[in-house]
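Enquirer: Got a structure for you, questions after.
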Amino acid sequence: GAVVSQHPSWVICKSGTSVKIECRSLDFQATTMFWYRQFPKQSLMLMATSNEGSKATYEQGVEKDKFLINHASLTLSTLTVTSAHPEDSSFYICSAADRETQYFGPGTRLLVL
Amino acid sequence: AQSVSQHNHHVILSEAASLELGCNYSYGGTVNLFWYVQYPGQHLQLLLKYFSGDPLVKGIKGFEAEFIKSKFSFNLRKPSVQWSDTAEYFCAVNAGGGNKLTFGTGTQLKVEL
C-alpha cells in the first residue's frame with residue numbers, strides 16, 4: 001500500500017515554456033500533498049504544501065506564480081513550472097500524506113534548455 | 001524553526017559490519033521521527049518511524065532506531081549491513097503536529113563486498 005506515482009518521470013523543455021507534473025496517490029486518499037526539489041547530492045527542499053480544495057502554502061523564497069500548484073482531489077496534485085528557465089532544471093519530488101506519514105513519488109527530472 | 005542534523009555525510013562499510021547513523025534535531029516539543037532510504041535510482045522509501053511508545057523502533061530490512069529524548073537523537077542502526085544497503089539515508093522530523101517534515105542533509109552509505 002501507500003503508492004505514489006508521478007508523471008512524467010523526466011521531461012526536457014525549451015526555456016520559456018511551461019511544464020506540468022502530476023502526483024497521484026494510487027491506493028489511499030491523501031489529506032495533504034507536498035512538493036520538493038532535490039539538488040544533486042543534497043537533501044530535499046520543501047517547496048510547498050498542498051491541501052485538497054485550498055490554496056497551497058509556499059515556503060519562503062518559493063515563487064507561487066512560478067510554481068503553480070493545483071490540488072484537484074484527494075488523490076491528485078499538479079505542479080506547473082511556468083515560463084521555465086535553465087535554473088529551474090532539477091529533480092522534483094512529490095509526497096502524499098495520510099494523517100501522519102508522507103509517502104514519496106519517484107520524482108520527475110526536469111531539464112530546461 | 002526546527003533543524004535536523006546528520007553528522008555523517010559519507011559512510012563506507014564492509015559487508016557484515018554494524019551500522020549506526022546519527023540524527024539529531026532541535027525542537028523542544030513533541031516530535032514524530034522518520035528514517036527514509038533512497039536506493040540508487042529509486043524514490044524515497046520509509047524505513048521506520050517513531051510517534052510514541054517504545055523508543056526502540058524496528059523497521060524494514062533489519063533496521064532499527066532509538067529515540068533518546070534527552071539527547072534529541074534518533075539514530076539508525078543495523079547489526080550487519082549488506083551490499084544491498086548501499087543507499088542514501090535521510091532522517092526527518094515532524095514537529096508540532098501536522099505532517100510537514102524537516103529533512104536532514106542525508107548520509108550516503110556505501111557497503112563494500
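If you're wondering about the labels, chains in the C-alpha cells are A, B, ... by order shown, residues count from 1 in each chain, ligands from 1 in order shown.
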Select, as number ranges by chain, those residues of chain B with any atom no more than 7 Å from chain A (distances computed using only C-alpha atoms).

Expert: B: 42-45, 99, 103-106

Enquirer: Write the residues you've just listed into a file as a compact mmCIF listing (two decimals), in the first residue's frame, and include N, CA and C atoms for each of them.

Expert:
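See part18.txt below for the written result:
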```txt
# COMPACT_ATOMS: atom_id res chain seq x y z
N GLN B 42 16.20 5.17 -7.27
CA GLN B 42 14.83 4.91 -6.80
C GLN B 42 14.32 6.06 -5.94
N HIS B 43 13.04 5.97 -5.59
CA HIS B 43 12.45 7.03 -4.80
C HIS B 43 12.63 6.77 -3.31
N LEU B 44 12.35 7.77 -2.53
CA LEU B 44 12.43 7.66 -1.09
C LEU B 44 11.43 6.64 -0.56
N GLN B 45 11.93 5.79 0.31
CA GLN B 45 11.06 4.79 0.93
C GLN B 45 11.16 4.91 2.44
N ASN B 99 1.76 17.27 9.33
CA ASN B 99 2.63 16.25 8.77
C ASN B 99 3.74 16.82 7.90
N PHE B 103 13.91 17.68 6.77
CA PHE B 103 14.86 16.62 6.47
C PHE B 103 16.26 17.00 6.89
N GLY B 104 17.02 15.98 7.27
CA GLY B 104 18.45 16.15 7.41
C GLY B 104 19.10 16.16 6.04
N THR B 105 20.38 16.39 6.01
CA THR B 105 21.09 16.52 4.74
C THR B 105 21.40 15.17 4.10
N GLY B 106 21.15 14.10 4.81
CA GLY B 106 21.34 12.78 4.24
C GLY B 106 22.72 12.21 4.53
```

Enquirer: Excluding region 74-86 of chain B and its own-chain neighbours fewer than 6 positions away, which residues fall within 9 Å of it when counting only C-alpha atoms? Please give them as a PDB file with all heavy atoms, in the first residue's frame.

Expert:
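What ended up in around-v2.pdb:
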```pdb
ATOM      1  N   LEU B  13      31.384   1.013   4.633  1.00  0.00           N
ATOM      2  CA  LEU B  13      31.499  -0.160   5.493  1.00  0.00           C
ATOM      3  C   LEU B  13      31.699  -1.402   4.653  1.00  0.00           C
ATOM      4  O   LEU B  13      31.302  -1.453   3.486  1.00  0.00           O
ATOM      5  CB  LEU B  13      30.228  -0.332   6.333  1.00  0.00           C
ATOM      6  CG  LEU B  13      29.903   0.741   7.370  1.00  0.00           C
ATOM      7  CD1 LEU B  13      28.522   0.479   7.975  1.00  0.00           C
ATOM      8  CD2 LEU B  13      30.959   0.776   8.461  1.00  0.00           C
ATOM      9  N   SER B  14      32.267  -2.393   5.285  1.00  0.00           N
ATOM     10  CA  SER B  14      32.357  -3.707   4.662  1.00  0.00           C
ATOM     11  C   SER B  14      31.114  -4.499   5.025  1.00  0.00           C
ATOM     12  O   SER B  14      30.475  -4.250   6.062  1.00  0.00           O
ATOM     13  CB  SER B  14      33.595  -4.449   5.137  1.00  0.00           C
ATOM     14  OG  SER B  14      34.760  -3.747   4.792  1.00  0.00           O
ATOM     15  N   GLU B  15      30.761  -5.426   4.178  1.00  0.00           N
ATOM     16  CA  GLU B  15      29.612  -6.288   4.479  1.00  0.00           C
ATOM     17  C   GLU B  15      29.789  -6.944   5.841  1.00  0.00           C
ATOM     18  O   GLU B  15      30.888  -7.333   6.221  1.00  0.00           O
ATOM     19  CB  GLU B  15      29.460  -7.362   3.402  1.00  0.00           C
ATOM     20  CG  GLU B  15      28.556  -6.978   2.274  1.00  0.00           C
ATOM     21  CD  GLU B  15      27.947  -8.184   1.586  1.00  0.00           C
ATOM     22  OE1 GLU B  15      28.625  -9.223   1.511  1.00  0.00           O
ATOM     23  OE2 GLU B  15      26.802  -8.087   1.126  1.00  0.00           O
ATOM     24  N   ALA B  16      28.679  -7.067   6.547  1.00  0.00           N
ATOM     25  CA  ALA B  16      28.614  -7.675   7.879  1.00  0.00           C
ATOM     26  C   ALA B  16      29.015  -6.722   8.994  1.00  0.00           C
ATOM     27  O   ALA B  16      28.862  -7.064  10.178  1.00  0.00           O
ATOM     28  CB  ALA B  16      29.424  -8.959   7.974  1.00  0.00           C
ATOM     29  N   ALA B  17      29.527  -5.558   8.650  1.00  0.00           N
ATOM     30  CA  ALA B  17      29.846  -4.583   9.693  1.00  0.00           C
ATOM     31  C   ALA B  17      28.556  -4.027  10.281  1.00  0.00           C
ATOM     32  O   ALA B  17      27.495  -4.067   9.660  1.00  0.00           O
ATOM     33  CB  ALA B  17      30.694  -3.460   9.115  1.00  0.00           C
ATOM     34  N   SER B  18      28.664  -3.472  11.477  1.00  0.00           N
ATOM     35  CA  SER B  18      27.499  -2.858  12.104  1.00  0.00           C
ATOM     36  C   SER B  18      27.420  -1.392  11.692  1.00  0.00           C
ATOM     37  O   SER B  18      28.420  -0.739  11.407  1.00  0.00           O
ATOM     38  CB  SER B  18      27.582  -2.974  13.627  1.00  0.00           C
ATOM     39  OG  SER B  18      28.703  -2.252  14.101  1.00  0.00           O
ATOM     40  N   LEU B  19      26.202  -0.902  11.670  1.00  0.00           N
ATOM     41  CA  LEU B  19      25.943   0.455  11.197  1.00  0.00           C
ATOM     42  C   LEU B  19      25.246   1.261  12.273  1.00  0.00           C
ATOM     43  O   LEU B  19      24.324   0.772  12.934  1.00  0.00           O
ATOM     44  CB  LEU B  19      25.052   0.414   9.954  1.00  0.00           C
ATOM     45  CG  LEU B  19      24.476   1.740   9.474  1.00  0.00           C
ATOM     46  CD1 LEU B  19      25.563   2.588   8.832  1.00  0.00           C
ATOM     47  CD2 LEU B  19      23.331   1.512   8.491  1.00  0.00           C
ATOM     48  N   GLU B  20      25.695   2.488  12.435  1.00  0.00           N
ATOM     49  CA  GLU B  20      24.930   3.452  13.218  1.00  0.00           C
ATOM     50  C   GLU B  20      25.064   4.811  12.558  1.00  0.00           C
ATOM     51  O   GLU B  20      26.171   5.323  12.380  1.00  0.00           O
ATOM     52  CB  GLU B  20      25.400   3.542  14.670  1.00  0.00           C
ATOM     53  CG  GLU B  20      24.575   4.548  15.483  1.00  0.00           C
ATOM     54  CD  GLU B  20      24.655   4.333  16.990  1.00  0.00           C
ATOM     55  OE1 GLU B  20      25.402   3.449  17.422  1.00  0.00           O
ATOM     56  OE2 GLU B  20      23.957   5.062  17.721  1.00  0.00           O
ATOM     57  N   LEU B  21      23.942   5.374  12.187  1.00  0.00           N
ATOM     58  CA  LEU B  21      23.903   6.705  11.573  1.00  0.00           C
ATOM     59  C   LEU B  21      23.244   7.669  12.543  1.00  0.00           C
ATOM     60  O   LEU B  21      22.158   7.414  13.048  1.00  0.00           O
ATOM     61  CB  LEU B  21      23.120   6.682  10.262  1.00  0.00           C
ATOM     62  CG  LEU B  21      23.644   5.747   9.171  1.00  0.00           C
ATOM     63  CD1 LEU B  21      22.766   5.872   7.919  1.00  0.00           C
ATOM     64  CD2 LEU B  21      25.090   6.024   8.855  1.00  0.00           C
ATOM     65  N   GLY B  22      23.908   8.786  12.755  1.00  0.00           N
ATOM     66  CA  GLY B  22      23.405   9.734  13.730  1.00  0.00           C
ATOM     67  C   GLY B  22      22.373  10.697  13.158  1.00  0.00           C
ATOM     68  O   GLY B  22      22.415  11.069  11.979  1.00  0.00           O
ATOM     69  N   CYS B  23      21.444  11.059  14.006  1.00  0.00           N
ATOM     70  CA  CYS B  23      20.436  12.059  13.659  1.00  0.00           C
ATOM     71  C   CYS B  23      20.092  12.830  14.920  1.00  0.00           C
ATOM     72  O   CYS B  23      19.697  12.235  15.920  1.00  0.00           O
ATOM     73  CB  CYS B  23      19.184  11.407  13.083  1.00  0.00           C
ATOM     74  SG  CYS B  23      17.822  12.566  12.809  1.00  0.00           S
ATOM     75  N   ASN B  24      20.249  14.139  14.866  1.00  0.00           N
ATOM     76  CA  ASN B  24      19.861  14.992  15.977  1.00  0.00           C
ATOM     77  C   ASN B  24      18.934  16.086  15.470  1.00  0.00           C
ATOM     78  O   ASN B  24      19.077  16.551  14.345  1.00  0.00           O
ATOM     79  CB  ASN B  24      21.093  15.625  16.633  1.00  0.00           C
ATOM     80  CG  ASN B  24      21.908  14.630  17.401  1.00  0.00           C
ATOM     81  OD1 ASN B  24      22.784  13.971  16.851  1.00  0.00           O
ATOM     82  ND2 ASN B  24      21.610  14.488  18.678  1.00  0.00           N
ATOM     83  N   TYR B  25      18.020  16.469  16.301  1.00  0.00           N
ATOM     84  CA  TYR B  25      17.072  17.504  15.895  1.00  0.00           C
ATOM     85  C   TYR B  25      17.016  18.576  16.980  1.00  0.00           C
ATOM     86  O   TYR B  25      17.410  18.354  18.128  1.00  0.00           O
ATOM     87  CB  TYR B  25      15.689  16.900  15.656  1.00  0.00           C
ATOM     88  CG  TYR B  25      15.084  16.294  16.904  1.00  0.00           C
ATOM     89  CD1 TYR B  25      14.256  17.036  17.732  1.00  0.00           C
ATOM     90  CD2 TYR B  25      15.368  14.972  17.256  1.00  0.00           C
ATOM     91  CE1 TYR B  25      13.730  16.491  18.887  1.00  0.00           C
ATOM     92  CE2 TYR B  25      14.845  14.421  18.405  1.00  0.00           C
ATOM     93  CZ  TYR B  25      14.030  15.188  19.218  1.00  0.00           C
ATOM     94  OH  TYR B  25      13.513  14.649  20.369  1.00  0.00           O
ATOM     95  N   LEU B  33       9.287  11.115  14.333  1.00  0.00           N
ATOM     96  CA  LEU B  33      10.610  10.943  13.737  1.00  0.00           C
ATOM     97  C   LEU B  33      10.591   9.854  12.685  1.00  0.00           C
ATOM     98  O   LEU B  33       9.903   8.839  12.847  1.00  0.00           O
ATOM     99  CB  LEU B  33      11.629  10.587  14.834  1.00  0.00           C
ATOM    100  CG  LEU B  33      11.755  11.655  15.923  1.00  0.00           C
ATOM    101  CD1 LEU B  33      12.298  11.049  17.203  1.00  0.00           C
ATOM    102  CD2 LEU B  33      12.651  12.777  15.452  1.00  0.00           C
ATOM    103  N   PHE B  34      11.335  10.066  11.623  1.00  0.00           N
ATOM    104  CA  PHE B  34      11.322   9.149  10.487  1.00  0.00           C
ATOM    105  C   PHE B  34      12.741   8.925   9.968  1.00  0.00           C
ATOM    106  O   PHE B  34      13.595   9.813  10.038  1.00  0.00           O
ATOM    107  CB  PHE B  34      10.499   9.746   9.330  1.00  0.00           C
ATOM    108  CG  PHE B  34       9.089  10.105   9.682  1.00  0.00           C
ATOM    109  CD1 PHE B  34       8.803  11.288  10.343  1.00  0.00           C
ATOM    110  CD2 PHE B  34       8.041   9.263   9.334  1.00  0.00           C
ATOM    111  CE1 PHE B  34       7.501  11.631  10.657  1.00  0.00           C
ATOM    112  CE2 PHE B  34       6.730   9.610   9.648  1.00  0.00           C
ATOM    113  CZ  PHE B  34       6.461  10.785  10.313  1.00  0.00           C
ATOM    114  N   TRP B  35      12.934   7.748   9.414  1.00  0.00           N
ATOM    115  CA  TRP B  35      14.097   7.481   8.578  1.00  0.00           C
ATOM    116  C   TRP B  35      13.582   7.001   7.215  1.00  0.00           C
ATOM    117  O   TRP B  35      12.760   6.087   7.142  1.00  0.00           O
ATOM    118  CB  TRP B  35      15.010   6.417   9.172  1.00  0.00           C
ATOM    119  CG  TRP B  35      15.990   6.956  10.163  1.00  0.00           C
ATOM    120  CD1 TRP B  35      15.872   6.962  11.520  1.00  0.00           C
ATOM    121  CD2 TRP B  35      17.255   7.553   9.887  1.00  0.00           C
ATOM    122  NE1 TRP B  35      16.968   7.533  12.097  1.00  0.00           N
ATOM    123  CE2 TRP B  35      17.845   7.902  11.116  1.00  0.00           C
ATOM    124  CE3 TRP B  35      17.964   7.830   8.702  1.00  0.00           C
ATOM    125  CZ2 TRP B  35      19.100   8.510  11.215  1.00  0.00           C
ATOM    126  CZ3 TRP B  35      19.211   8.430   8.795  1.00  0.00           C
ATOM    127  CH2 TRP B  35      19.770   8.762  10.044  1.00  0.00           C
ATOM    128  N   TYR B  39      17.444   4.296  -2.456  1.00  0.00           N
ATOM    129  CA  TYR B  39      18.382   3.442  -3.171  1.00  0.00           C
ATOM    130  C   TYR B  39      18.728   4.091  -4.514  1.00  0.00           C
ATOM    131  O   TYR B  39      17.941   4.893  -5.036  1.00  0.00           O
ATOM    132  CB  TYR B  39      17.797   2.041  -3.377  1.00  0.00           C
ATOM    133  CG  TYR B  39      17.552   1.322  -2.075  1.00  0.00           C
ATOM    134  CD1 TYR B  39      16.268   1.222  -1.540  1.00  0.00           C
ATOM    135  CD2 TYR B  39      18.607   0.755  -1.363  1.00  0.00           C
ATOM    136  CE1 TYR B  39      16.041   0.584  -0.332  1.00  0.00           C
ATOM    137  CE2 TYR B  39      18.387   0.118  -0.152  1.00  0.00           C
ATOM    138  CZ  TYR B  39      17.106   0.047   0.355  1.00  0.00           C
ATOM    139  OH  TYR B  39      16.882  -0.585   1.562  1.00  0.00           O
ATOM    140  N   PRO B  40      19.873   3.774  -5.059  1.00  0.00           N
ATOM    141  CA  PRO B  40      20.294   4.408  -6.317  1.00  0.00           C
ATOM    142  C   PRO B  40      19.220   4.312  -7.395  1.00  0.00           C
ATOM    143  O   PRO B  40      18.733   3.224  -7.705  1.00  0.00           O
ATOM    144  CB  PRO B  40      21.545   3.611  -6.703  1.00  0.00           C
ATOM    145  CG  PRO B  40      22.089   3.121  -5.406  1.00  0.00           C
ATOM    146  CD  PRO B  40      20.893   2.841  -4.555  1.00  0.00           C
ATOM    147  N   TYR B  50       8.830   6.778  14.346  1.00  0.00           N
ATOM    148  CA  TYR B  50       8.506   6.795  15.763  1.00  0.00           C
ATOM    149  C   TYR B  50       7.505   7.914  16.028  1.00  0.00           C
ATOM    150  O   TYR B  50       7.743   9.076  15.668  1.00  0.00           O
ATOM    151  CB  TYR B  50       9.767   7.021  16.611  1.00  0.00           C
ATOM    152  CG  TYR B  50       9.436   7.256  18.065  1.00  0.00           C
ATOM    153  CD1 TYR B  50       9.152   6.188  18.908  1.00  0.00           C
ATOM    154  CD2 TYR B  50       9.358   8.552  18.577  1.00  0.00           C
ATOM    155  CE1 TYR B  50       8.805   6.406  20.230  1.00  0.00           C
ATOM    156  CE2 TYR B  50       9.024   8.763  19.902  1.00  0.00           C
ATOM    157  CZ  TYR B  50       8.746   7.687  20.718  1.00  0.00           C
ATOM    158  OH  TYR B  50       8.392   7.901  22.028  1.00  0.00           O
ATOM    159  N   LYS B  61      13.812  -4.433   6.668  1.00  0.00           N
ATOM    160  CA  LYS B  61      15.159  -4.840   6.260  1.00  0.00           C
ATOM    161  C   LYS B  61      16.144  -4.878   7.419  1.00  0.00           C
ATOM    162  O   LYS B  61      17.340  -4.660   7.225  1.00  0.00           O
ATOM    163  CB  LYS B  61      15.669  -3.925   5.140  1.00  0.00           C
ATOM    164  CG  LYS B  61      14.715  -3.877   3.949  1.00  0.00           C
ATOM    165  CD  LYS B  61      15.288  -3.152   2.758  1.00  0.00           C
ATOM    166  CE  LYS B  61      14.266  -3.139   1.628  1.00  0.00           C
ATOM    167  NZ  LYS B  61      14.793  -2.593   0.373  1.00  0.00           N
ATOM    168  N   GLY B  62      15.681  -5.144   8.608  1.00  0.00           N
ATOM    169  CA  GLY B  62      16.558  -5.308   9.759  1.00  0.00           C
ATOM    170  C   GLY B  62      17.040  -4.027  10.408  1.00  0.00           C
ATOM    171  O   GLY B  62      17.889  -4.063  11.302  1.00  0.00           O
ATOM    172  N   PHE B  63      16.513  -2.901   9.990  1.00  0.00           N
ATOM    173  CA  PHE B  63      16.901  -1.626  10.581  1.00  0.00           C
ATOM    174  C   PHE B  63      16.112  -1.353  11.854  1.00  0.00           C
ATOM    175  O   PHE B  63      14.967  -1.773  11.997  1.00  0.00           O
ATOM    176  CB  PHE B  63      16.686  -0.478   9.596  1.00  0.00           C
ATOM    177  CG  PHE B  63      17.699  -0.435   8.493  1.00  0.00           C
ATOM    178  CD1 PHE B  63      17.467  -1.102   7.294  1.00  0.00           C
ATOM    179  CD2 PHE B  63      18.885   0.264   8.652  1.00  0.00           C
ATOM    180  CE1 PHE B  63      18.408  -1.071   6.274  1.00  0.00           C
ATOM    181  CE2 PHE B  63      19.821   0.305   7.634  1.00  0.00           C
ATOM    182  CZ  PHE B  63      19.588  -0.364   6.444  1.00  0.00           C
ATOM    183  N   GLU B  64      16.724  -0.622  12.752  1.00  0.00           N
ATOM    184  CA  GLU B  64      16.046  -0.153  13.948  1.00  0.00           C
ATOM    185  C   GLU B  64      16.586   1.233  14.290  1.00  0.00           C
ATOM    186  O   GLU B  64      17.633   1.650  13.804  1.00  0.00           O
ATOM    187  CB  GLU B  64      16.260  -1.108  15.126  1.00  0.00           C
ATOM    188  CG  GLU B  64      17.700  -1.220  15.589  1.00  0.00           C
ATOM    189  CD  GLU B  64      17.850  -2.157  16.775  1.00  0.00           C
ATOM    190  OE1 GLU B  64      17.080  -3.132  16.894  1.00  0.00           O
ATOM    191  OE2 GLU B  64      18.770  -1.918  17.580  1.00  0.00           O
ATOM    192  N   ALA B  65      15.836   1.939  15.107  1.00  0.00           N
ATOM    193  CA  ALA B  65      16.278   3.262  15.532  1.00  0.00           C
ATOM    194  C   ALA B  65      15.826   3.479  16.965  1.00  0.00           C
ATOM    195  O   ALA B  65      14.792   2.962  17.384  1.00  0.00           O
ATOM    196  CB  ALA B  65      15.720   4.356  14.629  1.00  0.00           C
ATOM    197  N   GLU B  66      16.627   4.250  17.686  1.00  0.00           N
ATOM    198  CA  GLU B  66      16.304   4.514  19.072  1.00  0.00           C
ATOM    199  C   GLU B  66      16.119   5.998  19.309  1.00  0.00           C
ATOM    200  O   GLU B  66      16.995   6.813  18.970  1.00  0.00           O
ATOM    201  CB  GLU B  66      17.406   3.995  20.001  1.00  0.00           C
ATOM    202  CG  GLU B  66      17.066   4.150  21.484  1.00  0.00           C
ATOM    203  CD  GLU B  66      18.081   3.533  22.405  1.00  0.00           C
ATOM    204  OE1 GLU B  66      19.187   3.169  21.938  1.00  0.00           O
ATOM    205  OE2 GLU B  66      17.773   3.401  23.607  1.00  0.00           O
ATOM    206  N   PHE B  67      14.985   6.346  19.865  1.00  0.00           N
ATOM    207  CA  PHE B  67      14.677   7.719  20.213  1.00  0.00           C
ATOM    208  C   PHE B  67      15.186   7.974  21.630  1.00  0.00           C
ATOM    209  O   PHE B  67      14.749   7.309  22.573  1.00  0.00           O
ATOM    210  CB  PHE B  67      13.169   7.953  20.129  1.00  0.00           C
ATOM    211  CG  PHE B  67      12.704   9.264  20.683  1.00  0.00           C
ATOM    212  CD1 PHE B  67      13.302  10.455  20.300  1.00  0.00           C
ATOM    213  CD2 PHE B  67      11.649   9.314  21.588  1.00  0.00           C
ATOM    214  CE1 PHE B  67      12.858  11.671  20.796  1.00  0.00           C
ATOM    215  CE2 PHE B  67      11.198  10.527  22.094  1.00  0.00           C
ATOM    216  CZ  PHE B  67      11.800  11.706  21.699  1.00  0.00           C
ATOM    217  N   ILE B  68      16.108   8.915  21.769  1.00  0.00           N
ATOM    218  CA  ILE B  68      16.592   9.320  23.085  1.00  0.00           C
ATOM    219  C   ILE B  68      16.218  10.781  23.262  1.00  0.00           C
ATOM    220  O   ILE B  68      16.882  11.678  22.725  1.00  0.00           O
ATOM    221  CB  ILE B  68      18.104   9.104  23.249  1.00  0.00           C
ATOM    222  CG1 ILE B  68      18.458   7.643  22.980  1.00  0.00           C
ATOM    223  CG2 ILE B  68      18.548   9.506  24.654  1.00  0.00           C
ATOM    224  CD1 ILE B  68      19.945   7.321  23.095  1.00  0.00           C
ATOM    225  N   GLN B 108      25.219   9.261   2.856  1.00  0.00           N
ATOM    226  CA  GLN B 108      25.457   8.312   1.767  1.00  0.00           C
ATOM    227  C   GLN B 108      26.217   7.117   2.338  1.00  0.00           C
ATOM    228  O   GLN B 108      27.340   7.272   2.815  1.00  0.00           O
ATOM    229  CB  GLN B 108      26.276   8.983   0.669  1.00  0.00           C
ATOM    230  CG  GLN B 108      26.459   8.131  -0.566  1.00  0.00           C
ATOM    231  CD  GLN B 108      25.178   7.928  -1.337  1.00  0.00           C
ATOM    232  OE1 GLN B 108      24.473   8.871  -1.657  1.00  0.00           O
ATOM    233  NE2 GLN B 108      24.856   6.683  -1.631  1.00  0.00           N
ATOM    234  N   LEU B 109      25.580   5.963   2.289  1.00  0.00           N
ATOM    235  CA  LEU B 109      26.210   4.740   2.778  1.00  0.00           C
ATOM    236  C   LEU B 109      26.647   3.884   1.598  1.00  0.00           C
ATOM    237  O   LEU B 109      25.861   3.604   0.702  1.00  0.00           O
ATOM    238  CB  LEU B 109      25.240   3.939   3.652  1.00  0.00           C
ATOM    239  CG  LEU B 109      25.700   2.527   4.046  1.00  0.00           C
ATOM    240  CD1 LEU B 109      26.912   2.591   4.969  1.00  0.00           C
ATOM    241  CD2 LEU B 109      24.573   1.750   4.707  1.00  0.00           C
ATOM    242  N   LYS B 110      27.893   3.472   1.657  1.00  0.00           N
ATOM    243  CA  LYS B 110      28.402   2.541   0.652  1.00  0.00           C
ATOM    244  C   LYS B 110      28.885   1.296   1.374  1.00  0.00           C
ATOM    245  O   LYS B 110      29.721   1.384   2.287  1.00  0.00           O
ATOM    246  CB  LYS B 110      29.549   3.163  -0.142  1.00  0.00           C
ATOM    247  CG  LYS B 110      30.099   2.246  -1.234  1.00  0.00           C
ATOM    248  CD  LYS B 110      31.221   2.921  -2.017  1.00  0.00           C
ATOM    249  CE  LYS B 110      31.762   1.989  -3.094  1.00  0.00           C
ATOM    250  NZ  LYS B 110      32.891   2.609  -3.843  1.00  0.00           N
ATOM    251  N   VAL B 111      28.341   0.163   0.975  1.00  0.00           N
ATOM    252  CA  VAL B 111      28.758  -1.106   1.569  1.00  0.00           C
ATOM    253  C   VAL B 111      29.589  -1.864   0.546  1.00  0.00           C
ATOM    254  O   VAL B 111      29.115  -2.128  -0.568  1.00  0.00           O
ATOM    255  CB  VAL B 111      27.546  -1.945   2.007  1.00  0.00           C
ATOM    256  CG1 VAL B 111      28.015  -3.272   2.619  1.00  0.00           C
ATOM    257  CG2 VAL B 111      26.698  -1.168   3.001  1.00  0.00           C
ATOM    258  N   GLU B 112      30.800  -2.191   0.942  1.00  0.00           N
ATOM    259  CA  GLU B 112      31.709  -2.881   0.034  1.00  0.00           C
ATOM    260  C   GLU B 112      31.720  -4.379   0.323  1.00  0.00           C
ATOM    261  O   GLU B 112      31.593  -4.807   1.467  1.00  0.00           O
ATOM    262  CB  GLU B 112      33.121  -2.308   0.180  1.00  0.00           C
ATOM    263  CG  GLU B 112      33.192  -0.840  -0.213  1.00  0.00           C
ATOM    264  CD  GLU B 112      34.580  -0.244  -0.041  1.00  0.00           C
ATOM    265  OE1 GLU B 112      35.308  -0.713   0.857  1.00  0.00           O
ATOM    266  OE2 GLU B 112      34.919   0.682  -0.796  1.00  0.00           O
ATOM    267  N   LEU B 113      31.894  -5.119  -0.750  1.00  0.00           N
ATOM    268  CA  LEU B 113      31.920  -6.584  -0.615  1.00  0.00           C
ATOM    269  C   LEU B 113      33.232  -7.031   0.010  1.00  0.00           C
ATOM    270  O   LEU B 113      34.260  -6.388  -0.117  1.00  0.00           O
ATOM    271  CB  LEU B 113      31.727  -7.237  -1.996  1.00  0.00           C
ATOM    272  CG  LEU B 113      30.374  -6.985  -2.648  1.00  0.00           C
ATOM    273  CD1 LEU B 113      30.391  -7.493  -4.080  1.00  0.00           C
ATOM    274  CD2 LEU B 113      29.289  -7.704  -1.842  1.00  0.00           C
TER     275      LEU B 113
END
```

Enquirer: At what distance in Å, to one decimal, does CA of Ala96 (chain A) lie from CA of Thr82 (chain A)?

Expert: 22.6 Å

Enquirer: Residues near Ser50 (chain A), anyone? I mean within 12 Å using only C-alpha atoms, not counting same-chain ones fewer than 3 positions away, as a ChimeraX atom specification.

Expert: /A:23,30-36,46-47,53-59,64,68-79,94-97 /B:99-100

Enquirer: As a VMD selection string, which residues of region 4-93 of chain B does DSSP assign to strand (DSSP E)?

Expert: chain B and resid 4 to 5 10 to 14 19 to 21 24 to 26 31 to 38 44 to 50 56 to 58 64 to 68 73 to 78 87 to 93

Enquirer: Could you tell me how far CA of Gly41 (chain B) lies from CA of Arg37 (chain A), in Å and to one decimal?

Expert: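 According to the coordinates, CA of Gly41 (chain B) and CA of Arg37 (chain A) are separated by 15.7 Å.
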
Enquirer: Neighbours of His7 (chain A) within 8 Å (only C-alpha atoms; same-chain residues fewer than 5 positions away dropped), as a ChimeraX atom specification?

Expert: /A:21-23,108

Enquirer: For the selection just defined, write its residues with C-alpha atoms to a file, as a short mmCIF file (atom, residue, chain, number, x, y, z; two decimals), in the first residue's frame.

Expert:
```cif
data_model
loop_
_atom_site.label_atom_id
_atom_site.label_comp_id
_atom_site.auth_asym_id
_atom_site.auth_seq_id
_atom_site.Cartn_x
_atom_site.Cartn_y
_atom_site.Cartn_z
CA ILE A 21 3.95 17.45 -13.30
CA GLU A 22 1.28 15.18 -11.84
CA CYS A 23 1.36 13.46 -8.49
CA THR A 108 10.44 13.99 -12.09
#
```

Enquirer: If you count only C-alpha atoms, which residues fall within 8 Å of Val11 (chain A), apart from same-chain ones fewer than 5 positions away, as a list in words?

Expert: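 The residues satisfying every condition are Thr108, Arg109, Leu110 and Leu111 of chain A.
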
Enquirer: Emit the selected residues as a PDB file, in the first residue's frame, including N, CA and C atoms.

Expert:
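That gives us part-v2.pdb:
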```
ATOM      1  N   THR A 108      10.442  13.572 -10.691  1.00  0.00           N
ATOM      2  CA  THR A 108      10.440  13.994 -12.091  1.00  0.00           C
ATOM      3  C   THR A 108      11.697  14.799 -12.350  1.00  0.00           C
ATOM      4  N   ARG A 109      12.468  14.352 -13.323  1.00  0.00           N
ATOM      5  CA  ARG A 109      13.685  15.071 -13.691  1.00  0.00           C
ATOM      6  C   ARG A 109      13.316  16.084 -14.766  1.00  0.00           C
ATOM      7  N   LEU A 110      13.526  17.355 -14.491  1.00  0.00           N
ATOM      8  CA  LEU A 110      13.226  18.421 -15.445  1.00  0.00           C
ATOM      9  C   LEU A 110      14.523  19.038 -15.941  1.00  0.00           C
ATOM     10  N   LEU A 111      14.645  19.109 -17.259  1.00  0.00           N
ATOM     11  CA  LEU A 111      15.789  19.770 -17.874  1.00  0.00           C
ATOM     12  C   LEU A 111      15.260  20.860 -18.788  1.00  0.00           C
TER      13      LEU A 111
END
```

Enquirer: From the set A:Phe39, A:Gln29, A:Lys66, A:Gly16, which residue has the shortest atom-to-atom contact distance to Val3 (chain A), counting only C-alpha atoms?

Expert: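 Answer, going by the shortest atom-to-atom distance: A:Gln29.
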